[in-house]
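Presented below is the structure to which this report refers.
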Amino acid sequence: IQCTMPLMIGIMAFILVGDRLTGRQIAGIVISLIGVMAILLRGDLNTLRSIAFNPGDLWFVVAIAIFSFYSPLVRRSPKVHPLSLLTAFGITGVIAIIPLFVWEIATGPAPVIDLKTILICRYLAIFPSVLAYICYNRGIQMLGPNRVAALYPTIVLFGTALAIVFLGEQPRWYHLVGSVLKLPIYMDSIGT
């Protein structure tokens with residue numbers, strides 16, 4: 001689902017700020033999605049019959065739609081320090097999720113707060129939150145939302161590589177095919 005991000009951002013970038021996807025970018029998105037599907041389906045089209053969506057998948061689609069607004073608008077953000085912009089987004093996000101947090105605490109078991117939880121929260125706060133968004137926002141400022149979004153399918157590529165290295169997944173032919181099919185979108189995003 002996340003690999004639809006280049007297309008979603010491309011549509012929103014056109015609607016919100018007038019950035020158009022080039023023919024080369026559209027072709028790259030299509031070829032890249034085929035590569036993603038090769039890996040996710042493990043090279044077997046019959047796997048499509050067993051795919052089932054759950055409510056979490058639908059929430060993820062909503063999150064992608066919302067994020068597709070964010071990317072083009074970052075390029076049009078006020079000229080403020082990147083940390084100030086990120087702080088404003090962070091505060092807004094925290095305020096937005098407070099009602100959901102209260103609801104979860106009221107309806108579910110109390111969260112376990114131990115050293116492991118604290119370390120995980122610190123890691124999430126520093127790397128995928130602050131540092132990643134600073135780099136992402138800077139990339140959008142420099143390259144535009146469409147070229148930066150073109151890198152989203154590489155998430156599957158890196159996930160596959162990490163699963164092979166850390167989880168012992170065996171490399172298969174479809175990993176290679178999927179990786180090669182992602183190259184056009186990657187090459188376009190870096191401008192080659």
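FYI, nothing fancy with the structure tokens labels: chains A, B, ... in order, residues from 1 per chain, ligands from 1 as they appear.
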Members of region 32-151 of chain A assigned helix (DSSP H, G or I) by DSSP, as a PyMOL selection string:
chain A and resi 32-40+45-50+55-75+82-107+115-143+145-149
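For Met8 (chain A), the set of protein, DNA and RNA residues having any atom at most 8 Å away, when counting only C-alpha atoms and skipping those fewer than 5 positions along the same chain, is A:Ile64, A:Ala65, A:Ser68.
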Compile a residue-level contact table for region 125-177 of chain A against region 25-41 of chain A at a cut-off of 9 Å, reporting for every qualifying residue the shortest atom pair and its distance in Å to one decimal, with only C-alpha atoms counted, rows ordered by chain and ascending number, as JSON lines.
{"residue": "A:Asn146", "atom": "CA", "partner": "A:Gln25", "partner_atom": "CA", "distance": 8.2}
{"residue": "A:Arg147", "atom": "CA", "partner": "A:Gln25", "partner_atom": "CA", "distance": 8.2}
{"residue": "A:Ala150", "atom": "CA", "partner": "A:Ile29", "partner_atom": "CA", "distance": 7.1}
{"residue": "A:Pro153", "atom": "CA", "partner": "A:Ser32", "partner_atom": "CA", "distance": 6.7}
{"residue": "A:Thr154", "atom": "CA", "partner": "A:Val36", "partner_atom": "CA", "distance": 8.7}
{"residue": "A:Val156", "atom": "CA", "partner": "A:Val36", "partner_atom": "CA", "distance": 6.7}
{"residue": "A:Leu157", "atom": "CA", "partner": "A:Val36", "partner_atom": "CA", "distance": 8.0}
{"residue": "A:Thr160", "atom": "CA", "partner": "A:Ile39", "partner_atom": "CA", "distance": 8.3}
{"residue": "A:Tyr174", "atom": "CA", "partner": "A:Ile39", "partner_atom": "CA", "distance": 5.6}
{"residue": "A:His175", "atom": "CA", "partner": "A:Ile39", "partner_atom": "CA", "distance": 5.5}
{"residue": "A:Leu176", "atom": "CA", "partner": "A:Ile39", "partner_atom": "CA", "distance": 8.6}
{"residue": "A:Val177", "atom": "CA", "partner": "A:Gly35", "partner_atom": "CA", "distance": 6.6}
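Relative to CA of Phe158 (chain A), CA of Gly23 (chain A) is found at 26.1 Å.
In terms of minimum interatomic distance to Pro145 (chain A), A:Ile9 ranks closest within A:Leu58, A:Leu162, A:Cys3, A:Ile9, counting only C-alpha atoms.
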CA of Trp173 (chain A) to CA of Gly43 (chain A) measures 8.1 Å
Between A:Ser50, A:Val180, A:Val130, A:Pro55, smallest distance to Phe89 (chain A) by only C-alpha atoms belongs to A:Val130
Would you list the contacts of Met12 (chain A) as a tab-separated table (two decimals) with C-alpha atoms, in the first residue's frame, taking every protein, DNA or RNA residue within 12 Å and counting only C-alpha atoms, but skipping same-chain residues closer than 5 positions in sequence?
chain	number	residue	atom	x	y	z
A	5	MET	CA	2.86	6.90	-2.47
A	6	PRO	CA	4.68	8.20	-5.61
A	7	LEU	CA	1.41	8.16	-7.55
A	17	VAL	CA	1.07	23.19	-6.48
A	18	GLY	CA	0.88	22.48	-10.21
A	19	ASP	CA	3.86	20.07	-10.37
A	20	ARG	CA	3.34	17.59	-13.19
A	21	LEU	CA	4.60	14.04	-13.36
A	64	ILE	CA	-1.17	7.81	2.79
A	65	ALA	CA	-3.84	10.13	1.41
A	66	ILE	CA	-3.17	12.63	4.21
A	67	PHE	CA	0.61	12.37	3.77
A	68	SER	CA	0.22	12.95	0.03
A	69	PHE	CA	-1.01	16.45	0.96
A	70	TYR	CA	1.98	17.02	3.24
A	71	SER	CA	4.72	16.40	0.70
A	72	PRO	CA	3.75	19.01	-1.93
A	73	LEU	CA	2.84	21.58	0.72
A	145	PRO	CA	7.84	16.20	-4.03
A	146	ASN	CA	7.62	13.96	-7.11
A	149	ALA	CA	8.35	10.35	-3.55
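CA of Ala125 (chain A) sits 29.6 Å away from CA of Leu16 (chain A).
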